[in-house]
$ cat query.cif   # mmCIF, C-alpha atoms
data_model
loop_
_atom_site.label_atom_id
_atom_site.label_comp_id
_atom_site.auth_asym_id
_atom_site.auth_seq_id
_atom_site.Cartn_x
_atom_site.Cartn_y
_atom_site.Cartn_z
CA MET A 38 97.44 -44.72 203.60
CA ALA A 39 97.72 -44.10 199.87
CA ASN A 40 96.87 -40.37 199.98
CA ARG A 41 98.92 -39.62 203.03
CA LYS A 42 101.28 -37.27 201.12
CA VAL A 43 100.45 -34.89 198.30
CA PRO A 44 103.54 -34.40 196.12
CA GLU A 45 104.57 -30.74 195.96
CA ILE A 46 105.81 -28.91 192.93
CA ASN A 47 109.44 -28.06 193.37
CA SER A 48 109.63 -24.30 193.76
CA GLY A 49 113.33 -24.08 194.34
CA SER A 50 113.96 -22.50 190.96
CA MET A 51 111.30 -19.86 191.48
CA ALA A 52 113.84 -17.60 193.16
CA ASP A 53 116.13 -17.87 190.15
CA ILE A 54 113.34 -16.93 187.80
CA ALA A 55 112.45 -13.93 189.92
CA PHE A 56 116.06 -12.83 190.09
CA LEU A 57 116.31 -13.11 186.34
CA LEU A 58 113.29 -10.87 185.93
CA LEU A 59 114.67 -8.40 188.44
CA ILE A 60 118.05 -8.18 186.71
CA PHE A 61 116.38 -7.82 183.31
CA TRP A 62 114.30 -4.95 184.64
CA LEU A 63 117.28 -3.22 186.18
CA MET A 64 119.21 -3.46 182.92
CA THR A 65 116.48 -2.19 180.66
CA THR A 66 115.55 0.80 182.80
CA SER A 67 119.12 1.97 183.25
CA MET A 68 119.75 1.61 179.53
CA ASN A 69 116.91 3.95 178.75
CA VAL A 70 119.11 7.03 178.98
CA ASP A 71 118.38 10.30 177.31
CA SER A 72 120.36 11.06 174.24
CA GLY A 73 120.65 14.19 172.21
CA ILE A 74 122.84 16.62 170.36
CA SER A 75 124.63 18.99 172.70
CA ARG A 76 125.16 22.61 171.84
CA LYS A 77 126.41 25.70 173.59
CA LEU A 78 124.34 28.81 173.16
CA PRO A 79 126.22 32.08 172.80
CA PRO A 80 125.93 34.30 175.86
CA LEU A 81 123.51 37.16 175.56
CA VAL A 82 125.54 40.24 174.74
CA ASP A 83 123.59 43.27 173.69
CA GLN A 84 123.14 42.80 169.97
CA GLU A 85 126.61 41.63 169.26
CA GLN A 86 127.58 41.49 165.63
CA ASP A 87 127.19 38.13 164.03
CA PRO A 88 130.75 36.78 163.84
CA GLY A 89 129.96 35.58 160.34
CA MET A 90 129.64 39.18 159.23
CA ASP A 91 133.13 40.44 159.86
CA ALA A 92 134.93 37.20 159.07
CA HIS A 93 136.54 36.82 155.70
CA GLU A 94 134.19 35.51 153.07
CA ARG A 95 136.18 32.35 152.38
CA ASN A 96 136.03 31.42 156.04
CA VAL A 97 132.26 31.27 156.28
CA LEU A 98 129.94 28.55 155.08
CA MET A 99 126.41 29.83 154.96
CA VAL A 100 123.83 27.19 155.68
CA PHE A 101 120.26 28.33 155.43
CA VAL A 102 117.14 26.28 156.00
CA SER A 103 114.11 27.93 154.48
CA GLY A 104 110.58 27.97 155.73
CA ASN A 105 109.58 25.07 153.54
CA ASN A 106 112.52 22.99 154.67
CA GLN A 107 114.78 23.55 151.71
CA LEU A 108 118.46 23.62 152.33
CA LEU A 109 120.69 26.32 150.91
CA VAL A 110 124.42 25.90 151.29
CA ALA A 111 126.58 28.82 150.19
CA GLY A 112 123.72 30.12 148.10
CA GLN A 113 123.04 26.86 146.32
CA ARG A 114 120.26 24.41 146.88
CA MET A 115 121.43 21.13 148.21
CA ASP A 116 120.11 17.81 149.38
CA ILE A 117 120.69 17.05 153.05
CA SER A 118 122.56 13.86 152.23
CA GLY A 119 125.45 15.86 150.75
CA LEU A 120 125.73 18.33 153.59
CA SER A 121 128.07 16.45 155.89
CA GLU A 122 130.53 15.76 153.09
CA LYS A 123 130.52 19.36 151.98
CA THR A 124 130.97 20.57 155.55
CA LYS A 125 133.82 18.18 156.17
CA ALA A 126 135.62 19.34 153.04
CA PHE A 127 135.05 22.90 154.20
CA ILE A 128 136.49 22.47 157.69
CA THR A 129 139.44 20.28 156.74
CA ASN A 130 140.27 21.90 153.38
CA PRO A 131 142.62 19.09 152.39
CA THR A 132 143.87 20.66 149.16
CA ASN A 133 144.47 24.15 150.62
CA ASP A 134 142.04 25.60 148.14
CA PRO A 135 142.18 29.44 148.20
CA ASN A 136 138.38 29.54 148.20
CA MET A 137 138.19 27.45 151.34
CA PRO A 138 138.97 28.56 154.91
CA GLU A 139 142.43 29.74 155.83
CA LYS A 140 144.47 27.88 158.36
CA GLU A 141 146.49 29.21 161.22
CA MET A 142 149.49 27.39 162.61
CA THR A 143 148.85 26.84 166.28
CA GLU A 144 150.94 25.15 168.92
CA ILE A 145 148.91 22.36 170.46
CA PRO A 146 150.21 20.02 173.16
CA LEU A 147 150.69 16.45 171.87
CA LEU A 148 150.18 17.52 168.26
CA GLY A 149 152.85 20.19 167.85
CA ASN A 150 152.23 22.81 165.23
CA TYR A 151 148.92 22.10 163.60
CA PRO A 152 147.12 24.18 160.99
CA VAL A 153 143.84 25.03 162.66
CA SER A 154 141.09 25.94 160.25
CA LYS A 155 139.45 29.32 160.67
CA GLY A 156 136.30 28.02 159.08
CA LEU A 157 132.99 28.96 160.59
CA ILE A 158 129.58 27.63 159.81
CA SER A 159 126.81 30.14 159.91
CA LEU A 160 123.51 28.38 160.41
CA GLN A 161 120.34 30.27 159.74
CA ASN A 162 116.78 29.16 159.78
CA ASP A 163 113.40 30.61 159.17
CA ARG A 164 110.70 30.74 161.81
CA GLY A 165 108.68 28.38 159.66
CA THR A 166 111.37 25.71 159.44
CA SER A 167 110.33 22.46 161.03
CA TYR A 168 112.29 21.35 164.05
CA ASP A 169 112.83 17.95 162.50
CA MET A 170 114.62 19.44 159.50
CA TYR A 171 116.64 21.76 161.71
CA LEU A 172 117.85 18.86 163.81
CA GLN A 173 118.74 16.84 160.73
CA VAL A 174 120.95 19.73 159.63
CA GLN A 175 122.52 19.99 163.08
CA ASN A 176 123.06 16.25 162.97
CA GLU A 177 124.82 16.39 159.61
CA LEU A 178 127.06 19.22 160.80
CA THR A 179 127.94 17.28 163.94
CA LYS A 180 128.64 14.26 161.81
CA ALA A 181 131.07 16.23 159.66
CA TYR A 182 132.95 17.44 162.71
CA ASN A 183 132.98 13.99 164.30
CA GLU A 184 134.34 12.43 161.12
CA ALA A 185 137.06 15.05 160.81
CA LYS A 186 138.03 14.50 164.45
CA ASP A 187 138.00 10.77 164.01
CA GLU A 188 140.28 10.99 161.01
CA LEU A 189 142.76 13.20 162.78
CA ALA A 190 142.71 10.89 165.80
CA GLN A 191 143.43 7.90 163.57
CA GLN A 192 146.20 9.75 161.86
CA LYS A 193 147.90 11.05 165.00
CA PHE A 194 147.17 8.43 167.61
CA GLY A 195 146.05 5.44 165.58
CA ARG A 196 142.77 5.16 167.44
CA SER A 197 139.27 6.46 166.96
CA PHE A 198 138.28 9.60 168.82
CA ASN A 199 136.09 7.77 171.31
CA ASP A 200 138.98 5.58 172.45
CA LEU A 201 141.35 8.43 173.22
CA ASN A 202 142.17 9.57 176.72
CA ASP A 203 141.16 12.97 178.02
CA GLU A 204 144.35 14.78 177.11
CA GLN A 205 144.40 13.50 173.56
CA ARG A 206 140.76 14.34 173.20
CA LYS A 207 141.41 17.87 174.37
CA ALA A 208 144.19 18.23 171.81
CA ILE A 209 141.96 17.05 168.98
CA ASN A 210 139.17 19.33 170.11
CA LYS A 211 141.60 22.21 169.96
CA ALA A 212 142.81 21.24 166.50
CA ILE A 213 139.27 21.00 165.15
CA PRO A 214 137.12 23.43 167.09
CA VAL A 215 133.39 23.18 166.52
CA LYS A 216 132.35 26.57 165.26
CA ILE A 217 128.70 26.78 164.45
CA SER A 218 127.26 30.23 164.71
CA GLU A 219 123.54 30.75 164.75
CA ALA A 220 122.28 34.08 163.63
CA GLU A 221 118.98 35.53 164.69
CA PRO A 222 116.25 33.86 162.71
CA ARG A 223 114.78 35.48 159.68
CA ASN A 224 111.10 35.63 159.17
CA LEU A 225 110.55 35.42 155.48
CA THR A 226 107.38 33.40 155.19
CA GLY A 227 105.65 35.06 158.11
CA GLY A 228 105.21 31.73 159.86
CA LYS A 229 104.95 31.64 163.60
CA MET B 153 110.00 -43.92 220.28
CA ALA B 154 112.06 -45.62 217.68
CA GLN B 155 110.32 -43.65 214.96
CA PHE B 156 111.10 -40.28 216.58
CA LYS B 157 114.70 -41.19 216.97
CA ARG B 158 115.10 -42.12 213.35
CA LYS B 159 113.74 -38.73 212.22
CA GLY B 160 116.05 -36.79 214.54
CA SER B 161 119.14 -38.47 213.27
CA LYS B 162 118.56 -37.34 209.69
CA GLY B 163 120.93 -34.34 209.98
CA THR B 164 120.37 -30.60 210.20
CA PRO B 165 117.27 -29.42 208.40
CA GLY B 166 117.87 -26.81 205.64
CA ILE B 167 116.51 -23.29 205.98
CA SER B 168 113.31 -22.95 204.06
CA THR B 169 113.82 -20.88 200.92
CA SER B 170 110.24 -21.02 199.81
CA SER B 171 109.71 -17.34 200.68
CA LEU B 172 112.75 -16.15 198.73
CA PRO B 173 110.81 -15.72 195.47
CA ASP B 174 108.29 -13.58 197.28
CA ILE B 175 111.01 -11.32 198.60
CA VAL B 176 112.61 -10.96 195.19
CA PHE B 177 109.27 -10.28 193.57
CA MET B 178 108.72 -7.58 196.10
CA ILE B 179 112.01 -5.92 195.12
CA LEU B 180 111.06 -6.29 191.48
CA PHE B 181 107.71 -4.60 191.97
CA PHE B 182 109.37 -1.86 193.97
CA PHE B 183 111.73 -1.14 191.08
CA MET B 184 108.97 -1.28 188.52
CA ALA B 185 106.91 1.17 190.47
CA THR B 186 109.68 3.67 191.16
CA THR B 187 111.18 3.73 187.68
CA THR B 188 107.88 4.55 186.04
CA MET B 189 107.00 7.13 188.63
CA ARG B 190 110.25 9.04 188.28
CA GLU B 191 109.32 10.97 185.17
CA VAL B 192 106.74 13.67 185.26
CA GLU B 193 103.42 13.06 183.65
CA LEU B 194 103.60 14.32 180.10
CA LYS B 195 100.82 16.57 179.00
CA VAL B 196 102.21 17.03 175.52
CA GLN B 197 102.79 14.50 172.79
CA ILE B 198 106.42 14.27 171.87
CA LYS B 199 107.95 12.27 169.13
CA THR B 200 111.56 13.38 169.09
CA PRO B 201 113.42 13.34 165.80
CA THR B 202 116.12 10.76 165.24
CA ALA B 203 119.78 11.62 164.83
CA SER B 204 122.73 9.39 164.17
CA GLU B 205 125.15 11.57 166.13
CA ALA B 206 123.08 11.76 169.30
CA GLN B 207 125.12 11.20 172.41
CA LYS B 208 124.13 10.04 175.84
CA LEU B 209 123.54 12.71 178.40
CA GLU B 210 125.94 12.43 181.28
CA LYS B 211 124.82 12.97 184.88
CA LYS B 212 121.09 12.94 184.91
CA SER B 213 120.89 14.96 188.11
CA LEU B 214 122.24 18.01 186.27
CA VAL B 215 119.64 17.88 183.54
CA SER B 216 116.37 19.77 183.50
CA TYR B 217 113.76 19.19 180.88
CA ILE B 218 111.63 21.45 178.76
CA TYR B 219 108.91 19.70 176.81
CA VAL B 220 107.31 21.15 173.73
CA GLY B 221 104.61 19.56 171.65
CA PRO B 222 100.90 19.47 170.91
CA PRO B 223 98.70 18.72 173.94
CA THR B 224 97.68 15.11 174.50
CA LYS B 225 94.31 13.96 173.20
CA ASP B 226 92.33 14.45 176.39
CA MET B 227 93.92 17.87 176.92
CA ALA B 228 93.44 18.98 173.32
CA VAL B 229 89.75 19.54 174.03
CA HIS B 230 90.60 22.48 176.27
CA PHE B 231 93.90 23.64 174.89
CA GLY B 232 93.72 23.03 171.14
CA THR B 233 96.41 21.39 169.12
CA ALA B 234 98.99 24.16 168.86
CA PRO B 235 102.33 23.09 170.37
CA ARG B 236 102.74 24.14 173.98
CA ILE B 237 105.56 24.31 176.47
CA GLN B 238 105.51 22.11 179.53
CA LEU B 239 107.71 22.80 182.52
CA ASN B 240 107.61 20.33 185.39
CA GLY B 241 104.04 19.07 185.43
CA ALA B 242 102.09 21.94 183.93
CA TYR B 243 101.63 23.94 180.77
CA SER B 244 103.64 27.07 180.75
CA THR B 245 104.51 30.13 178.76
CA LEU B 246 107.76 31.59 177.54
CA ASN B 247 107.87 34.07 180.42
CA ASN B 248 108.15 31.28 182.98
CA ILE B 249 111.31 29.79 181.53
CA THR B 250 113.65 32.21 183.28
CA GLU B 251 111.95 31.46 186.57
CA PHE B 252 112.05 27.72 185.90
CA VAL B 253 115.75 27.77 185.11
CA ALA B 254 116.47 29.76 188.26
CA SER B 255 114.55 27.33 190.45
CA GLU B 256 116.20 24.33 188.80
CA ARG B 257 119.58 25.91 189.34
CA ASP B 258 118.82 26.49 193.00
CA LYS B 259 118.20 22.79 193.46
CA LEU B 260 121.76 21.97 192.47
CA LYS B 261 124.83 22.24 194.61
CA GLU B 262 126.93 25.36 194.26
CA ASN B 263 129.82 23.66 192.48
CA GLU B 264 127.55 21.85 190.05
CA ARG B 265 125.66 24.88 188.81
CA PRO B 266 127.93 25.71 185.86
CA ASP B 267 127.40 22.20 184.48
CA MET B 268 123.65 22.46 184.39
CA THR B 269 122.19 21.27 181.12
CA VAL B 270 118.75 21.89 179.72
CA SER B 271 117.40 19.11 177.59
CA LEU B 272 114.88 20.26 175.02
CA LYS B 273 112.40 17.54 174.30
CA ILE B 274 110.63 18.91 171.31
CA ASP B 275 108.20 17.27 168.97
CA ALA B 276 109.54 16.85 165.45
CA ASN B 277 106.68 18.79 163.87
CA THR B 278 107.18 21.94 165.90
CA LYS B 279 108.12 25.06 163.99
CA MET B 280 111.51 26.61 164.61
CA GLY B 281 109.98 29.97 165.55
CA GLN B 282 108.84 28.60 168.87
CA VAL B 283 112.14 26.79 169.43
CA THR B 284 114.09 29.96 168.72
CA ASP B 285 111.98 31.86 171.24
CA ILE B 286 112.79 29.25 173.85
CA LYS B 287 116.47 29.42 173.01
CA GLN B 288 116.42 33.19 173.38
CA GLU B 289 114.75 32.80 176.79
CA LEU B 290 117.41 30.31 177.83
CA ARG B 291 120.14 32.71 176.79
CA ARG B 292 118.45 35.37 178.85
CA ALA B 293 118.36 32.96 181.80
CA ASN B 294 122.02 32.20 181.20
CA ALA B 295 121.41 28.48 180.75
CA LEU B 296 123.77 28.07 177.85
CA SER B 297 124.47 24.39 177.61
CA ILE B 298 121.55 22.71 175.98
CA SER B 299 120.84 19.39 174.39
CA TYR B 300 118.36 18.74 171.63
CA ALA B 301 116.79 15.46 172.65
CA ALA B 302 116.90 12.99 169.78
CA ALA B 303 116.58 9.27 169.57
CA LYS B 304 119.77 7.55 168.59
CA ASP B 305 119.60 5.76 165.31
CA LYS B 306 122.30 3.91 163.51
CA GLY B 307 121.30 4.82 160.00
CA GLU B 308 121.49 8.07 158.11
CA GLY B 309 118.82 9.69 160.20
CA ASN B 310 116.94 11.10 157.27
CA THR B 311 113.35 10.77 158.24
CA ASN B 312 111.91 13.84 156.65
CA ARG B 313 108.28 13.87 157.34
#

$ encode --input "query.cif" --output "structure tokens"
Amino acid sequence: MANRKVPEINSGSMADIAFLLLIFWLMTTSMNVDSGISRKLPPLVDQEQDPGMDAHERNVLMVFVSGNNQLLVAGQRMDISGLSEKTKAFITNPTNDPNMPEKEMTEIPLLGNYPVSKGLISLQNDRGTSYDMYLQVQNELTKAYNEAKDELAQQKFGRSFNDLNDEQRKAINKAIPVKISEAEPRNLTGGK
Amino acid sequence: MAQFKRKGSKGTPGISTSSLPDIVFMILFFFMATTTMREVELKVQIKTPTASEAQKLEKKSLVSYIYVGPPTKDMAVHFGTAPRIQLNGAYSTLNNITEFVASERDKLKENERPDMTVSLKIDANTKMGQVTDIKQELRRANALSISYAAAKDKGEGNTNR
């Protein structure tokens, strides 16, 4: 009579626990998206001249990464931490310095006449450059462009670039075009 | 008789939910299995560099991957430690990239083909010479939008090793 019923453990909350696990799993796997720095390669035209060659000298910023991962900007050695600032000054040219890129008044929807910089960044690397260093340089250049775009967006629309709508974004992209030209690599150190 | 009657008058019995956890666990295991199986088996070791400006890749169905890195430990016995290219599930050479891009492009719908992106998952210690060769091959294959895979990091991203 005493052991007629064995008390059961209440498993009603088991479903909730399992659901919790399921939802956690769904969240974490979908959040694991690929990220990277996007670039457009130039189309393959038979040995087209490097656009950096015929452009005016003041409009080109030479960035060279040597085989032992040293950074040369406009012929001078530089630490990578200063690159984005230098690049940003180059593309925006706030003081209209005659040694910095020229600007061309262009009619852009939403912005009106805006002086678009003719600046071009010529990125060169050696075959022996490490990919890590190369990507750091690309990252700094992207950062410079993103900051310039962000500033213009704040100034014109009072919002950061990421919060703009498509049309505004297009206008900003037109005002600050990303111009990074990559020349054929040099092989100075004979690395493969 | 009286006892039976008392039990019947208790009200409608609830549906047993004791098997619900089992069902949910089954769904959970299904998801766990499929999400890990989706990616191809990597035969190269890749530790992508970090970059603060890395952006998420939109539309995964439009992305094809090229992996470059030194072979994994059990493969290194046969293939050495020089960085190699992996397309789909196998080691490959530069000459196969054009073919690979063409076949990947064929898998997409007609109207999606211009938006095809190639994600380059390259080990941080690879030399640029090899990367440049791959880029030249991609230009030849007319796959012009690329993405250098990099882990997003909030800091300065200066991990020069």

$ atom_distance --input "query.cif" --atom1 "CA of Ser271 in chain B" --atom2 "CA of Val215 in chain B"
6.5 Å

$ axis_aligned_box --input "query.cif" --around "range 171-177 of chain B" --padding-each-side "4 Å" --output "lines of an AutoDock Vina configuration file"
center_x = 110.5
center_y = -13.8
center_z = 197.1
size_x = 12.5
size_y = 15.1
size_z = 15.1

$ residues_around --input "query.cif" --residues "Asp134 in chain A" --least-positions-apart "6" --cutoff "12 Å" --atoms "only C-alpha atoms" --output "PDB file with C-alpha atoms, in the coordinates of the input"
ATOM      1  CA  ARG A  95     136.180  32.350 152.380  1.00  0.00           C
ATOM      2  CA  ASN A  96     136.030  31.420 156.040  1.00  0.00           C
ATOM      3  CA  ALA A 126     135.620  19.340 153.040  1.00  0.00           C
ATOM      4  CA  PHE A 127     135.050  22.900 154.200  1.00  0.00           C
ATOM      5  CA  ILE A 128     136.490  22.470 157.690  1.00  0.00           C
ATOM      6  CA  LYS A 140     144.470  27.880 158.360  1.00  0.00           C
TER       7      LYS A 140
END

$ resolve_selection --input "query.cif" --expression "the PyMOL selection byres ((chain A) within 8 of (chain B))" --output "PyMOL selection string"
chain A and resi 48-49+51-53+55-56+58-59+62-63+66+70-81+162-173+176+179-180+222+228-229

$ write_last_selection --input "query.cif" --atoms "C-alpha atoms" --output "PDB file, in the coordinates of the input"
ATOM      1  CA  SER A  48     109.630 -24.300 193.760  1.00  0.00           C
ATOM      2  CA  GLY A  49     113.330 -24.080 194.340  1.00  0.00           C
ATOM      3  CA  MET A  51     111.300 -19.860 191.480  1.00  0.00           C
ATOM      4  CA  ALA A  52     113.840 -17.600 193.160  1.00  0.00           C
ATOM      5  CA  ASP A  53     116.130 -17.870 190.150  1.00  0.00           C
ATOM      6  CA  ALA A  55     112.450 -13.930 189.920  1.00  0.00           C
ATOM      7  CA  PHE A  56     116.060 -12.830 190.090  1.00  0.00           C
ATOM      8  CA  LEU A  58     113.290 -10.870 185.930  1.00  0.00           C
ATOM      9  CA  LEU A  59     114.670  -8.400 188.440  1.00  0.00           C
ATOM     10  CA  TRP A  62     114.300  -4.950 184.640  1.00  0.00           C
ATOM     11  CA  LEU A  63     117.280  -3.220 186.180  1.00  0.00           C
ATOM     12  CA  THR A  66     115.550   0.800 182.800  1.00  0.00           C
ATOM     13  CA  VAL A  70     119.110   7.030 178.980  1.00  0.00           C
ATOM     14  CA  ASP A  71     118.380  10.300 177.310  1.00  0.00           C
ATOM     15  CA  SER A  72     120.360  11.060 174.240  1.00  0.00           C
ATOM     16  CA  GLY A  73     120.650  14.190 172.210  1.00  0.00           C
ATOM     17  CA  ILE A  74     122.840  16.620 170.360  1.00  0.00           C
ATOM     18  CA  SER A  75     124.630  18.990 172.700  1.00  0.00           C
ATOM     19  CA  ARG A  76     125.160  22.610 171.840  1.00  0.00           C
ATOM     20  CA  LYS A  77     126.410  25.700 173.590  1.00  0.00           C
ATOM     21  CA  LEU A  78     124.340  28.810 173.160  1.00  0.00           C
ATOM     22  CA  PRO A  79     126.220  32.080 172.800  1.00  0.00           C
ATOM     23  CA  PRO A  80     125.930  34.300 175.860  1.00  0.00           C
ATOM     24  CA  LEU A  81     123.510  37.160 175.560  1.00  0.00           C
ATOM     25  CA  ASN A 162     116.780  29.160 159.780  1.00  0.00           C
ATOM     26  CA  ASP A 163     113.400  30.610 159.170  1.00  0.00           C
ATOM     27  CA  ARG A 164     110.700  30.740 161.810  1.00  0.00           C
ATOM     28  CA  GLY A 165     108.680  28.380 159.660  1.00  0.00           C
ATOM     29  CA  THR A 166     111.370  25.710 159.440  1.00  0.00           C
ATOM     30  CA  SER A 167     110.330  22.460 161.030  1.00  0.00           C
ATOM     31  CA  TYR A 168     112.290  21.350 164.050  1.00  0.00           C
ATOM     32  CA  ASP A 169     112.830  17.950 162.500  1.00  0.00           C
ATOM     33  CA  MET A 170     114.620  19.440 159.500  1.00  0.00           C
ATOM     34  CA  TYR A 171     116.640  21.760 161.710  1.00  0.00           C
ATOM     35  CA  LEU A 172     117.850  18.860 163.810  1.00  0.00           C
ATOM     36  CA  GLN A 173     118.740  16.840 160.730  1.00  0.00           C
ATOM     37  CA  ASN A 176     123.060  16.250 162.970  1.00  0.00           C
ATOM     38  CA  THR A 179     127.940  17.280 163.940  1.00  0.00           C
ATOM     39  CA  LYS A 180     128.640  14.260 161.810  1.00  0.00           C
ATOM     40  CA  PRO A 222     116.250  33.860 162.710  1.00  0.00           C
ATOM     41  CA  GLY A 228     105.210  31.730 159.860  1.00  0.00           C
ATOM     42  CA  LYS A 229     104.950  31.640 163.600  1.00  0.00           C
TER      43      LYS A 229
END

$ resolve_selection --input "query.cif" --expression "the PyMOL selection byres ((chain A and resi 188-199) around 12)" --output "ChimeraX atom specification"
/A:125,129,131,147-149,151-153,181-187,200-213 /B:207

$ residues_around --input "query.cif" --residues "Ile249 in chain B" --least-positions-apart "2" --cutoff "9 Å" --atoms "only C-alpha atoms" --output "VMD selection string"
chain B and resid 218 239 244 to 247 251 to 254 286 289 to 290 293

$ atom_distance --input "query.cif" --atom1 "CA of Glu141 in chain A" --atom2 "CA of Glu94 in chain A"
16.0 Å

$ atom_distance --input "query.cif" --atom1 "CA of Tyr243 in chain B" --atom2 "CA of Lys195 in chain B"
7.6 Å

$ closest_residue --input "query.cif" --among "A:Gln175, A:Thr143, A:Asn130, A:Thr124" --to "Val110 in chain A" --atoms "all atoms listed in the file"
A:Thr124

$ closest_residue --input "query.cif" --among "B:Thr186, B:Ile198, B:Glu193, B:Pro165" --to "Ala242 in chain B" --atoms "all atoms listed in the file"
B:Glu193

$ closest_residue --input "query.cif" --among "A:Leu178, A:Val215, A:Ala220, A:Ile158" --to "Glu122 in chain A" --atoms "only C-alpha atoms"
A:Leu178

$ resolve_selection --input "query.cif" --expression "the PyMOL selection byres ((chain B and resi 234) around 10)" --output "mmCIF file with C-alpha atoms, in the coordinates of the input"
data_model
loop_
_atom_site.group_PDB
_atom_site.id
_atom_site.type_symbol
_atom_site.label_atom_id
_atom_site.label_comp_id
_atom_site.auth_asym_id
_atom_site.auth_seq_id
_atom_site.Cartn_x
_atom_site.Cartn_y
_atom_site.Cartn_z
ATOM 1 C CA GLY B 221 104.610 19.560 171.650
ATOM 2 C CA PRO B 222 100.900 19.470 170.910
ATOM 3 C CA PRO B 223 98.700 18.720 173.940
ATOM 4 C CA ALA B 228 93.440 18.980 173.320
ATOM 5 C CA PHE B 231 93.900 23.640 174.890
ATOM 6 C CA GLY B 232 93.720 23.030 171.140
ATOM 7 C CA THR B 233 96.410 21.390 169.120
ATOM 8 C CA PRO B 235 102.330 23.090 170.370
ATOM 9 C CA ARG B 236 102.740 24.140 173.980
ATOM 10 C CA THR B 278 107.180 21.940 165.900
#
